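Next comes work29.cif, with mmCIF, C-alpha atoms.
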data_entry
loop_
_atom_site.label_atom_id
_atom_site.label_comp_id
_atom_site.auth_asym_id
_atom_site.auth_seq_id
_atom_site.Cartn_x
_atom_site.Cartn_y
_atom_site.Cartn_z
CA MET A 1 125.97 -16.97 -124.78
CA MET A 2 123.16 -19.17 -125.98
CA PHE A 3 125.27 -20.13 -128.99
CA VAL A 4 128.19 -21.19 -126.77
CA SER A 5 125.92 -23.28 -124.55
CA LEU A 6 124.47 -25.06 -127.56
CA PHE A 7 128.00 -25.75 -128.85
CA PHE A 8 129.12 -27.41 -125.58
CA LEU A 9 125.90 -29.39 -125.44
CA PHE A 10 126.60 -30.68 -128.96
CA LEU A 11 130.11 -31.73 -127.95
CA LEU A 12 128.82 -33.65 -124.94
CA MET A 13 126.22 -35.43 -127.00
CA ASP A 14 128.81 -36.27 -129.63
CA GLY A 15 131.14 -37.73 -126.95
CA ALA A 16 128.36 -39.82 -125.47
CA SER A 17 127.41 -41.17 -128.88
CA SER A 18 131.04 -41.99 -129.64
CA LYS A 19 131.32 -44.02 -126.40
CA GLU A 20 128.19 -45.90 -127.25
CA ASN A 21 129.59 -46.77 -130.69
CA CYS A 22 133.02 -48.07 -129.45
CA SER A 23 133.83 -51.74 -130.13
CA TYR A 24 136.74 -54.17 -130.03
CA GLN A 25 136.78 -54.16 -133.78
CA ASP A 26 137.73 -50.49 -133.72
CA VAL A 27 140.82 -51.45 -131.75
CA LEU A 28 141.63 -54.28 -134.15
CA ASN A 29 141.17 -51.97 -137.12
CA HIS A 30 143.43 -49.43 -135.48
CA LEU A 31 146.11 -52.11 -134.99
CA ASN A 32 145.42 -53.66 -138.38
CA LEU A 33 145.26 -57.00 -136.56
CA ASN A 34 143.71 -59.74 -138.69
CA TYR A 35 144.46 -63.15 -140.16
CA ASN A 36 146.05 -61.67 -143.26
CA ASN A 37 148.59 -59.54 -141.43
CA LYS A 38 151.59 -61.80 -140.90
CA LEU A 39 153.40 -59.17 -138.90
CA PHE A 40 151.87 -60.38 -135.66
CA TYR A 41 152.54 -64.13 -135.90
CA MET A 42 155.31 -64.84 -138.38
CA THR A 43 158.31 -63.72 -136.35
CA ARG A 44 159.31 -62.70 -132.88
CA PRO A 45 157.35 -59.45 -132.20
CA VAL A 46 160.22 -56.95 -131.82
CA ILE A 47 161.04 -53.91 -133.90
CA ASN A 48 164.78 -54.43 -133.43
CA TYR A 49 165.96 -58.01 -133.68
CA THR A 50 168.55 -57.47 -130.93
CA THR A 51 165.80 -56.79 -128.42
CA VAL A 52 165.34 -59.72 -126.04
CA THR A 53 161.78 -60.95 -125.57
CA GLU A 54 161.23 -61.49 -121.88
CA VAL A 55 158.66 -64.23 -121.19
CA ASN A 56 157.19 -64.27 -117.69
CA LEU A 57 156.01 -67.63 -116.40
CA ASP A 58 153.70 -68.64 -113.57
CA LEU A 59 152.60 -72.16 -112.63
CA LEU A 60 149.96 -73.23 -110.11
CA LEU A 61 149.30 -76.81 -109.03
CA TYR A 62 145.59 -77.61 -109.13
CA ALA A 63 145.63 -81.36 -108.39
CA ILE A 64 147.93 -84.36 -107.95
CA LEU A 65 146.15 -86.97 -110.01
CA GLU A 66 148.49 -89.94 -109.88
CA MET A 67 151.96 -91.19 -109.04
CA LYS A 68 153.03 -94.41 -110.74
CA GLU A 69 156.00 -95.82 -108.84
CA LYS A 70 156.51 -98.78 -111.15
CA GLU A 71 156.74 -96.60 -114.30
CA GLN A 72 158.09 -93.60 -112.35
CA LEU A 73 155.48 -91.21 -113.76
CA PHE A 74 154.01 -88.09 -112.21
CA VAL A 75 150.59 -86.88 -113.39
CA PRO A 76 149.66 -83.38 -112.13
CA TYR A 77 146.95 -80.98 -113.23
CA VAL A 78 148.47 -77.49 -113.55
CA TRP A 79 147.56 -73.98 -114.63
CA ILE A 80 150.28 -72.32 -116.69
CA THR A 81 150.21 -68.59 -117.38
CA MET A 82 152.78 -66.79 -119.53
CA TRP A 83 152.97 -63.26 -120.85
CA TRP A 84 155.37 -61.22 -122.98
CA ASN A 85 155.54 -57.88 -124.79
CA ASN A 86 154.60 -57.30 -128.45
CA ASP A 87 156.17 -54.19 -129.90
CA TYR A 88 153.51 -53.90 -132.59
CA ILE A 89 150.58 -53.67 -130.23
CA SER A 90 149.76 -50.35 -128.57
CA TRP A 91 146.80 -47.99 -128.34
CA ASN A 92 145.42 -45.27 -126.16
CA PRO A 93 142.42 -46.54 -124.16
CA ASP A 94 140.98 -43.01 -123.95
CA GLU A 95 140.53 -43.01 -127.72
CA PHE A 96 138.51 -46.25 -127.59
CA CYS A 97 136.10 -45.62 -124.77
CA GLY A 98 138.53 -46.86 -122.11
CA ILE A 99 139.12 -50.33 -123.67
CA SER A 100 142.44 -51.48 -122.22
CA SER A 101 142.41 -55.19 -123.11
CA LEU A 102 140.70 -57.65 -125.41
CA SER A 103 140.88 -61.29 -126.44
CA VAL A 104 141.96 -62.46 -129.89
CA PRO A 105 142.45 -65.93 -131.41
CA THR A 106 145.81 -67.52 -130.68
CA GLU A 107 146.37 -68.24 -134.40
CA ILE A 108 146.99 -64.60 -135.27
CA MET A 109 149.53 -63.98 -132.50
CA TRP A 110 153.12 -65.08 -132.06
CA LYS A 111 153.69 -67.41 -129.09
CA PRO A 112 156.94 -68.54 -127.48
CA ASP A 113 157.99 -72.11 -128.23
CA LEU A 114 158.12 -73.30 -124.64
CA THR A 115 158.25 -76.95 -123.69
CA ILE A 116 158.47 -79.03 -120.52
CA GLU A 117 161.46 -81.37 -120.58
CA GLU A 118 159.91 -84.08 -118.40
CA THR A 119 156.68 -84.43 -120.41
CA ILE A 120 156.36 -87.74 -122.27
CA GLU A 121 152.73 -87.52 -123.40
CA LYS A 122 151.00 -84.66 -125.11
CA ASP A 123 147.97 -83.30 -123.33
CA SER A 124 144.81 -84.52 -125.05
CA ALA A 125 142.83 -81.47 -123.93
CA PRO A 126 142.74 -78.64 -126.52
CA PRO A 127 144.79 -75.53 -125.69
CA SER A 128 143.18 -72.21 -124.92
CA PRO A 129 141.80 -70.73 -128.17
CA TYR A 130 142.38 -67.11 -127.13
CA VAL A 131 145.10 -64.81 -125.88
CA THR A 132 144.59 -61.52 -124.10
CA ILE A 133 146.30 -58.36 -125.39
CA THR A 134 146.56 -55.09 -123.50
CA SER A 135 146.97 -51.47 -124.55
CA ARG A 136 150.59 -51.54 -123.35
CA GLY A 137 151.50 -54.35 -125.70
CA ASN A 138 151.39 -57.26 -123.26
CA VAL A 139 150.15 -60.62 -124.56
CA GLU A 140 148.92 -63.15 -122.00
CA LEU A 141 148.26 -66.86 -122.57
CA THR A 142 146.72 -69.18 -119.96
CA ASN A 143 146.40 -72.96 -120.28
CA ASP A 144 145.31 -75.72 -117.95
CA GLN A 145 147.01 -79.04 -118.68
CA VAL A 146 147.16 -82.60 -117.43
CA LEU A 147 150.86 -83.43 -117.64
CA VAL A 148 152.25 -86.94 -117.82
CA SER A 149 155.86 -86.43 -116.85
CA THR A 150 158.78 -88.52 -115.72
CA CYS A 151 159.90 -88.31 -112.13
CA ARG A 152 162.92 -90.02 -110.64
CA MET A 153 161.41 -91.42 -107.46
CA GLN A 154 163.39 -92.32 -104.37
CA VAL A 155 161.56 -95.27 -102.81
CA TYR A 156 164.24 -96.21 -100.28
CA ARG A 157 162.01 -95.21 -97.34
CA PHE A 158 158.73 -96.41 -98.89
CA PRO A 159 155.99 -96.01 -97.61
CA PHE A 160 157.38 -93.12 -95.53
CA ASP A 161 159.00 -91.45 -98.52
CA THR A 162 158.97 -87.86 -99.75
CA GLN A 163 159.12 -87.26 -103.49
CA SER A 164 160.28 -84.23 -105.47
CA CYS A 165 159.26 -83.98 -109.10
CA ASN A 166 160.52 -81.30 -111.49
CA LEU A 167 158.76 -79.45 -114.28
CA THR A 168 161.45 -77.74 -116.37
CA PHE A 169 160.43 -75.05 -118.85
CA LYS A 170 162.68 -73.99 -121.70
CA SER A 171 162.59 -72.78 -125.30
CA PHE A 172 162.99 -75.25 -128.14
CA ILE A 173 165.32 -73.25 -130.39
CA HIS A 174 165.77 -69.75 -129.00
CA SER A 175 168.76 -68.65 -127.00
CA ASP A 176 168.95 -66.17 -124.16
CA GLU A 177 169.75 -63.47 -126.70
CA GLU A 178 166.28 -63.93 -128.18
CA ILE A 179 164.02 -65.26 -125.42
CA LYS A 180 164.68 -65.07 -121.73
CA LEU A 181 162.44 -66.95 -119.27
CA VAL A 182 161.63 -65.25 -115.99
CA TYR A 183 159.50 -66.84 -113.27
CA TYR A 184 156.86 -64.68 -111.69
CA GLY A 185 156.69 -64.21 -107.94
CA ASN A 186 158.55 -66.60 -105.61
CA SER A 187 158.31 -70.05 -104.10
CA SER A 188 156.21 -68.97 -101.12
CA ALA A 189 153.60 -67.26 -103.30
CA ALA A 190 153.39 -70.28 -105.63
CA THR A 191 152.99 -72.61 -102.65
CA GLU A 192 150.24 -70.57 -100.99
CA GLU A 193 148.26 -70.07 -104.18
CA SER A 194 148.56 -73.76 -105.10
CA ARG A 195 147.45 -74.82 -101.62
CA GLU A 196 144.35 -72.62 -101.95
CA LEU A 197 143.54 -74.04 -105.39
CA MET A 198 144.29 -77.68 -104.57
CA ARG A 199 141.28 -79.94 -105.16
CA THR A 200 142.65 -83.48 -104.89
CA GLN A 201 145.96 -84.99 -103.83
CA SER A 202 145.32 -88.72 -104.21
CA GLU A 203 147.46 -90.61 -101.68
CA TRP A 204 149.95 -87.74 -101.47
CA LEU A 205 150.22 -84.73 -99.18
CA PHE A 206 151.34 -81.55 -100.93
CA ILE A 207 154.25 -79.85 -99.12
CA ASN A 208 155.43 -76.93 -101.26
CA ILE A 209 156.66 -75.67 -104.64
CA THR A 210 160.14 -74.31 -105.13
CA VAL A 211 161.01 -72.19 -108.17
CA THR A 212 164.55 -71.81 -109.47
CA SER A 213 166.17 -70.44 -112.60
CA GLN A 214 169.19 -71.97 -114.27
CA THR A 215 171.27 -71.09 -117.32
CA ILE A 216 172.79 -73.92 -119.32
CA GLN A 217 174.88 -74.08 -122.46
CA TYR A 218 173.01 -75.77 -125.28
CA TYR A 219 175.34 -76.43 -128.20
CA SER A 220 176.81 -73.01 -129.06
CA PHE A 221 174.42 -70.77 -127.10
CA ASN A 222 172.99 -70.37 -123.63
CA GLN A 223 169.44 -71.07 -122.55
CA THR A 224 167.57 -70.14 -119.40
CA LEU A 225 165.55 -72.83 -117.65
CA VAL A 226 162.78 -72.27 -115.14
CA ILE A 227 162.41 -75.27 -112.82
CA TYR A 228 159.33 -75.84 -110.68
CA THR A 229 159.97 -78.52 -108.06
CA ILE A 230 156.84 -80.02 -106.50
CA ASN A 231 157.50 -81.63 -103.11
CA MET A 232 155.01 -84.08 -101.64
CA LYS A 233 154.82 -86.74 -98.96
CA ARG A 234 153.08 -90.10 -99.18
CA ARG A 235 150.16 -90.87 -96.88
CA SER A 236 151.48 -94.03 -95.24
CA ALA A 237 148.57 -95.00 -92.95
CA LEU A 238 146.98 -97.34 -95.49
CA TYR A 239 150.26 -99.15 -96.16
CA ILE A 240 150.88 -99.58 -92.43
CA VAL A 241 147.47 -101.18 -91.90
CA ASN A 242 147.40 -103.32 -95.06
CA PHE A 243 151.04 -104.33 -95.38
CA LEU A 244 153.43 -103.69 -92.49
CA LEU A 245 151.21 -104.81 -89.60
CA PRO A 246 150.04 -108.08 -91.27
CA ILE A 247 153.66 -109.15 -91.71
CA VAL A 248 154.31 -108.44 -88.02
CA PHE A 249 151.24 -110.52 -87.19
CA PHE A 250 152.60 -113.39 -89.30
CA LEU A 251 155.85 -113.15 -87.34
CA CYS A 252 153.90 -113.36 -84.06
CA LEU A 253 152.06 -116.44 -85.35
CA ASP A 254 155.37 -118.04 -86.20
CA LEU A 255 156.59 -117.33 -82.66
CA ALA A 256 153.38 -118.84 -81.27
CA SER A 257 153.99 -122.03 -83.27
CA PHE A 258 156.71 -122.98 -80.76
CA LEU A 259 153.87 -123.90 -78.40
CA ILE A 260 152.73 -126.64 -80.80
CA SER A 261 154.04 -130.16 -80.12
CA ASP A 262 156.88 -131.44 -82.28
CA SER A 263 155.54 -135.01 -82.28
CA GLY A 264 153.01 -134.47 -85.09
CA GLY A 265 153.13 -132.72 -88.43
CA GLU A 266 150.77 -129.88 -87.46
CA LYS A 267 153.60 -127.56 -86.46
CA LEU A 268 155.44 -128.05 -89.72
CA SER A 269 152.36 -127.45 -91.88
CA PHE A 270 151.47 -124.35 -89.84
CA LYS A 271 154.90 -122.82 -90.35
CA ILE A 272 154.81 -123.51 -94.09
CA THR A 273 151.40 -121.80 -94.35
CA VAL A 274 152.67 -118.68 -92.59
CA LEU A 275 155.77 -118.63 -94.79
CA LEU A 276 153.65 -118.78 -97.93
CA ALA A 277 151.54 -115.88 -96.65
CA VAL A 278 154.67 -113.71 -96.37
CA THR A 279 155.65 -114.78 -99.90
CA VAL A 280 152.31 -113.48 -101.20
CA MET A 281 152.97 -110.12 -99.52
CA GLN A 282 156.36 -109.97 -101.25
CA LEU A 283 154.71 -110.54 -104.64
CA ILE A 284 152.33 -107.65 -103.95
CA LEU A 285 155.29 -105.45 -103.05
CA ASN A 286 157.04 -106.40 -106.27
CA ASP A 287 154.13 -104.98 -108.28
CA ILE A 288 154.43 -101.62 -106.50
CA LEU A 289 158.13 -100.79 -106.33
CA PRO A 290 160.17 -99.92 -109.44
CA SER A 291 162.88 -102.37 -110.45
CA SER A 292 165.29 -99.57 -111.38
CA SER A 293 165.92 -98.40 -107.84
CA ASN A 294 169.61 -97.89 -107.04
CA ARG A 295 169.19 -98.94 -103.42
CA ILE A 296 167.21 -101.79 -101.94
CA PRO A 297 164.13 -100.22 -100.31
CA LEU A 298 163.78 -100.60 -96.57
CA ILE A 299 160.44 -102.34 -96.97
CA ALA A 300 162.11 -104.99 -99.14
CA THR A 301 164.76 -105.48 -96.46
CA TYR A 302 161.94 -105.71 -93.91
CA CYS A 303 160.16 -108.47 -95.86
CA ILE A 304 163.34 -110.38 -96.66
CA GLY A 305 164.52 -110.24 -93.04
CA ILE A 306 161.24 -111.59 -91.66
CA PHE A 307 161.09 -114.21 -94.43
CA ALA A 308 164.63 -115.35 -93.52
CA LEU A 309 163.72 -115.62 -89.83
CA MET A 310 160.64 -117.71 -90.64
CA MET A 311 162.67 -119.90 -93.00
CA LEU A 312 165.27 -120.49 -90.30
CA SER A 313 162.48 -121.36 -87.85
CA LEU A 314 161.06 -123.86 -90.33
CA LEU A 315 164.45 -125.56 -90.77
CA GLU A 316 164.85 -125.72 -86.98
CA SER A 317 161.46 -127.42 -86.65
CA VAL A 318 162.43 -130.00 -89.28
CA PHE A 319 165.69 -130.72 -87.43
CA VAL A 320 163.94 -131.06 -84.05
CA MET A 321 161.37 -133.44 -85.52
CA TYR A 322 164.19 -135.51 -87.01
CA LEU A 323 165.88 -135.84 -83.62
CA THR A 324 162.60 -136.77 -81.93
CA GLU A 325 161.84 -139.48 -84.50
CA LYS A 326 165.37 -140.77 -84.19
CA ASP A 327 164.87 -141.27 -80.46
CA ASN A 328 161.39 -142.84 -80.71
CA ALA A 329 161.95 -145.34 -83.52
CA PRO A 330 164.18 -147.93 -81.62
CA GLN A 331 161.91 -147.92 -78.55
CA ASP A 332 158.91 -148.90 -80.62
CA ASN A 333 160.77 -151.85 -82.17
CA GLU A 334 161.92 -153.14 -78.79
CA THR A 335 158.40 -152.97 -77.36
CA ASP A 336 156.99 -154.97 -80.27
CA GLU A 337 159.70 -157.60 -79.95
CA ASP A 338 159.08 -157.99 -76.20
CA LEU A 339 155.36 -158.47 -76.75
CA LYS A 340 156.02 -161.09 -79.46
CA LEU A 341 158.49 -163.04 -77.33
CA SER A 342 156.11 -163.09 -74.36
CA GLU A 343 153.29 -164.44 -76.53
CA ASP A 344 155.54 -167.19 -77.97
CA LYS A 345 156.71 -168.18 -74.50
CA ARG A 346 153.12 -168.36 -73.27
CA ASP A 347 152.10 -170.61 -76.18
CA LYS A 348 155.02 -173.00 -75.51
CA THR A 349 154.56 -173.35 -71.77
CA ARG A 350 150.78 -173.85 -71.76
CA PRO A 351 150.80 -177.53 -73.09
CA GLU A 352 153.58 -178.52 -70.62
CA ARG A 353 151.58 -177.22 -67.68
CA GLU A 354 148.51 -179.16 -68.78
CA VAL A 355 150.53 -182.44 -69.13
CA ASN A 356 152.08 -182.01 -65.68
CA LYS A 357 148.67 -181.49 -64.16
CA LEU A 358 147.31 -184.65 -65.75
CA SER A 359 150.29 -186.77 -64.66
CA HIS A 360 150.00 -185.42 -61.15
CA SER A 361 146.35 -186.36 -60.99
CA THR A 362 147.08 -189.86 -62.36
CA SER A 363 149.85 -190.53 -59.85
CA GLY A 364 147.49 -189.56 -57.07
CA CYS A 365 145.06 -192.25 -58.18
CA ASP A 366 147.77 -195.00 -58.25
CA VAL A 367 148.64 -194.54 -54.60
CA SER A 368 145.14 -195.40 -53.40
CA PRO A 369 144.56 -199.10 -52.27
CA ILE A 370 143.00 -201.74 -54.53
CA LYS A 371 139.25 -201.85 -54.39
CA THR A 372 136.49 -203.88 -55.99
CA PRO A 373 134.91 -202.61 -59.21
CA SER A 374 131.66 -201.74 -57.48
CA GLU A 375 133.60 -199.69 -54.95
CA MET A 376 135.82 -198.04 -57.56
CA LEU A 377 133.00 -196.53 -59.68
CA PRO A 378 131.95 -193.81 -57.26
CA VAL A 379 135.57 -193.11 -56.40
CA ALA A 380 136.60 -192.81 -60.09
CA LYS A 381 133.70 -190.46 -60.73
CA GLU A 382 134.70 -188.26 -57.83
CA VAL A 383 138.31 -188.27 -58.97
CA ARG A 384 137.31 -187.35 -62.50
CA ASP A 385 135.11 -184.50 -61.34
CA GLY A 386 137.87 -183.24 -59.06
CA ASN A 387 140.43 -183.31 -61.89
CA ILE A 388 138.16 -181.35 -64.21
CA GLN A 389 137.48 -178.76 -61.54
CA GLN A 390 141.19 -178.56 -60.80
CA MET A 391 142.05 -178.05 -64.48
CA LYS A 392 139.48 -175.22 -64.76
CA VAL A 393 140.95 -173.48 -61.74
CA SER A 394 144.47 -173.98 -63.10
CA LEU A 395 143.54 -172.53 -66.52
CA ALA A 396 141.86 -169.55 -64.85
CA ASN A 397 144.96 -168.94 -62.76
CA ASP A 398 147.14 -169.14 -65.88
CA GLU A 399 144.98 -166.67 -67.75
CA LEU A 400 144.99 -164.29 -64.78
CA SER A 401 148.76 -164.61 -64.47
CA GLN A 402 149.22 -163.94 -68.18
CA LEU A 403 146.92 -160.89 -67.99
CA ILE A 404 148.92 -159.53 -65.07
CA LYS A 405 152.17 -160.01 -67.00
CA THR A 406 150.69 -158.28 -70.05
CA LEU A 407 149.49 -155.32 -68.00
CA THR A 408 152.85 -155.12 -66.25
CA LEU A 409 154.67 -155.12 -69.62
CA HIS A 410 152.30 -152.50 -70.98
CA LEU A 411 152.73 -150.23 -67.96
CA SER A 412 156.49 -150.59 -68.11
CA SER A 413 156.49 -149.67 -71.81
CA ARG A 414 154.27 -146.64 -71.09
CA LYS A 415 156.65 -145.61 -68.37
CA GLU A 416 159.58 -145.89 -70.77
CA GLU A 417 157.65 -143.85 -73.31
CA ALA A 418 156.84 -141.16 -70.72
CA LYS A 419 160.51 -140.85 -69.92
CA PRO A 420 162.11 -138.90 -72.83
CA GLY A 421 165.04 -140.42 -74.56
CA TYR A 422 168.45 -138.86 -75.15
CA TRP A 423 167.69 -137.31 -78.54
CA THR A 424 164.34 -136.03 -77.33
CA ARG A 425 166.06 -134.20 -74.50
CA VAL A 426 168.62 -132.78 -76.91
CA ALA A 427 165.85 -131.64 -79.28
CA LYS A 428 164.00 -129.95 -76.41
CA ARG A 429 167.11 -128.04 -75.35
CA ILE A 430 167.75 -126.97 -78.95
CA ASN A 431 164.13 -125.84 -79.33
CA ASN A 432 164.26 -123.73 -76.15
CA ALA A 433 167.57 -122.12 -77.07
CA PHE A 434 166.40 -121.37 -80.60
CA PHE A 435 163.19 -119.77 -79.32
CA LEU A 436 165.20 -117.32 -77.21
CA PHE A 437 167.52 -116.60 -80.13
CA TYR A 438 164.58 -116.18 -82.53
CA PHE A 439 162.68 -113.82 -80.23
CA SER A 440 165.79 -111.70 -79.55
CA VAL A 441 166.81 -111.39 -83.19
CA ALA A 442 163.25 -110.61 -84.34
CA SER A 443 162.87 -107.88 -81.69
CA LEU A 444 166.21 -106.28 -82.56
CA PHE A 445 165.41 -106.42 -86.27
CA LEU A 446 162.04 -104.68 -85.83
CA ILE A 447 163.62 -101.96 -83.65
CA TYR A 448 166.35 -101.42 -86.24
CA MET A 449 163.82 -101.11 -89.07
CA PHE A 450 161.71 -98.66 -87.04
CA PHE A 451 164.63 -96.29 -86.48
CA LYS A 452 165.77 -96.56 -90.10
CA TRP A 453 162.29 -95.53 -91.29
CA VAL A 454 161.76 -92.64 -88.91
CA GLN A 455 165.18 -91.03 -89.20
#

Take the structure in this file and express it as structure tokens.
Amino acid sequence: MMFVSLFFLFLLMDGASSKENCSYQDVLNHLNLNYNNKLFYMTRPVINYTTVTEVNLDLLLYAILEMKEKEQLFVPYVWITMWWNNDYISWNPDEFCGISSLSVPTEIMWKPDLTIEETIEKDSAPPSPYVTITSRGNVELTNDQVLVSTCRMQVYRFPFDTQSCNLTFKSFIHSDEEIKLVYYGNSSAATEESRELMRTQSEWLFINITVTSQTIQYYSFNQTLVIYTINMKRRSALYIVNFLLPIVFFLCLDLASFLISDSGGEKLSFKITVLLAVTVMQLILNDILPSSSNRIPLIATYCIGIFALMMLSLLESVFVMYLTEKDNAPQDNETDEDLKLSEDKRDKTRPEREVNKLSHSTSGCDVSPIKTPSEMLPVAKEVRDGNIQQMKVSLANDELSQLIKTLTLHLSSRKEEAKPGYWTRVAKRINNAFFLFYFSVASLFLIYMFFKWVQ
């Protein structure tokens, strides 16, 4: 009995020592897996060439880094995991202290030649240097990549647009008889896991990921494609505040310009300034939207429509000012001519009045009776003083009369100016009618654009 107990104790100690001495290298030696063994990386790892290698694929979206509308590029940061079966890898974990998986360099293992059709730039980050192998023969490869891919963007409803960008996985040269792609899980699982992992979304709001599989004929054989469609919606608040509302404010300023008088050039210069401001906004929009869009975006229609309304308003102001000037120009000429004629008439009649006054005073002296020289001196002096005083009074009366006539002419001309002429009245009616038309059309246009955007 003592001998049997010692024997079992020896076995237990031997098993414990064997567990302590287990290593990954023992597994590699058992598999004969090393850099010199080309069996594991030269060809597709199947014992029978007719066996199809099934490659499982899983993609998770970690971040939306950038969307370039002008170049139509989509830049996501994704985690890609793929795994397949290698017929030459298998071991019993119980024989190697329970080791069921280990990592080996990617150079000594065969990997499927998968590519993403939409990628236009190779990821600058180095790929994962290791793959994980399991005791059942599964080989798993995980990579995180920053993809620069093409994306056909639909900017018709910009900035209230929703974009869908595809990432299509396929094999370079293998057909479905050699490699078959299978996506892991479903769209809901991919969406939930991506939403949990999401770190940044830039100006976009992640909606979901849909996964589909498609078989196409490529030359003389069929290939299976796995398509991940990433759906996202643009955050439009910043564009509303910085672009759409300022243009509406410019339109309101243009409507307010109808309160400015048409007599001066302030109204015209104000309208031109507002029109140039809208032109600057259009140039900014041109740097954002792609030129290859099949349909004119609604925001371009919005800018062009408001620009056309402001242009029409500017032309109406020019026409109204032309009519007003046409009515005012003849009245100014007539007023100047009347003032000139009155001044000429005053200059001609003044000498005649002075001569008549002198003759009248002389005739008054001749009627008096003949007196002696000594008697005539005081009388002549009095007559002379009286004539001078009379001439001063007469000149003062003439100047007062002329001043009254000038004031009367001036008041009459002001009265004629206060009364609008024919073309001024026509221009005012046109201006009022155009304001109603302008306000109605602008309101209907804004309502139409609102419903087109929100539908």

12 Å contact set for A:Lys233, only C-alpha atoms, chain neighbours under 2 positions out, as a count of residues only: 27

Would you place a box with edges along x, y and z of the file around all atoms of stretch 305-311 of chain A listed there, add 4 Å to each of its six sides, and report the centre and edge lengths in Å to one decimal, as AutoDock Vina command-line options?
--center_x 162.6 --center_y -115.1 --center_z -92.1 --size_x 12.0 --size_y 17.7 --size_z 12.6

Distance of atom CA of A:Ile173 from atom CA of A:Ser90, expressed in Å to one decimal place: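 Going from atom CA of A:Ser90 over to atom CA of A:Ile173, I get 27.7 Å.
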
Near-A:Ile116 list (8 Å; only C-alpha atoms; drop same-chain fewer than 3 positions) as a ChimeraX atom specification: /A:119,167-170

For A:Asn86, the nearest of the candidates A:Leu31, A:Ile430, A:Met321, A:Val211, counting only C-alpha atoms: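 So, comparing all the options, the nearest one is A:Leu31.
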
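The space separating atom CA of A:Val182 from atom CA of A:Val226 comes to 7.2 Å.
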
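Atom CA of A:Asn34 is positioned 19.7 Å from atom CA of A:Pro93.
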
Closest of A:Leu245, A:Ile89, A:Ala189, A:Ile288 to A:Asn29 - atom-to-atom distances counting all atoms listed in the file: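 Nearest to A:Asn29: A:Ile89.
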
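In this comparison, which uses all atoms listed in the file, the residue of A:Cys151, A:Asn397, A:Gln145, A:Lys111 approaching A:Tyr130 most closely is A:Lys111.
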
Residue with smallest distance to A:Leu59 - pool A:Ser194, A:Ser263, A:Thr406, A:Ser394, counting all atoms listed in the file: A:Ser194

Output check: residues returned by the PyMOL selection byres ((chain A and resi 101) around 6), as a list in words: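 When the PyMOL selection byres ((chain A and resi 101) around 6) is applied to the shown file, the picked residues are Ile99, Ser100, Leu102, Ile133 and Thr134 of chain A.
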
The PyMOL selection byres ((chain A and resi 311) around 12) resolved against shown file, as a ChimeraX atom specification: /A:251,254,268,271-276,278-279,304-310,312-318,438

Residue with smallest distance to A:Glu66 - pool A:Thr43, A:Gln282, A:Thr200, A:Asn166, counting only C-alpha atoms: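 Selected residue with least distance to A:Glu66: A:Thr200.
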
Polymer residues at most 10 Å from A:Met82, only C-alpha atoms, same-chain spacing of 6 or more positions, as a PyMOL selection string: chain A and resi 55-59+111-112+114+139-143+181-184

Explicit residues for the PyMOL selection byres ((chain A and resi 30) around 12) (as a VMD selection string): chain A and resid 23 to 29 31 to 34 88 to 93 95 to 96 135

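Of the listed residues A:Ile179, A:Leu403, A:Ile299, A:Ile260, the one whose atoms come nearest to A:Val46 is A:Ile179, with distances taken using only C-alpha atoms.
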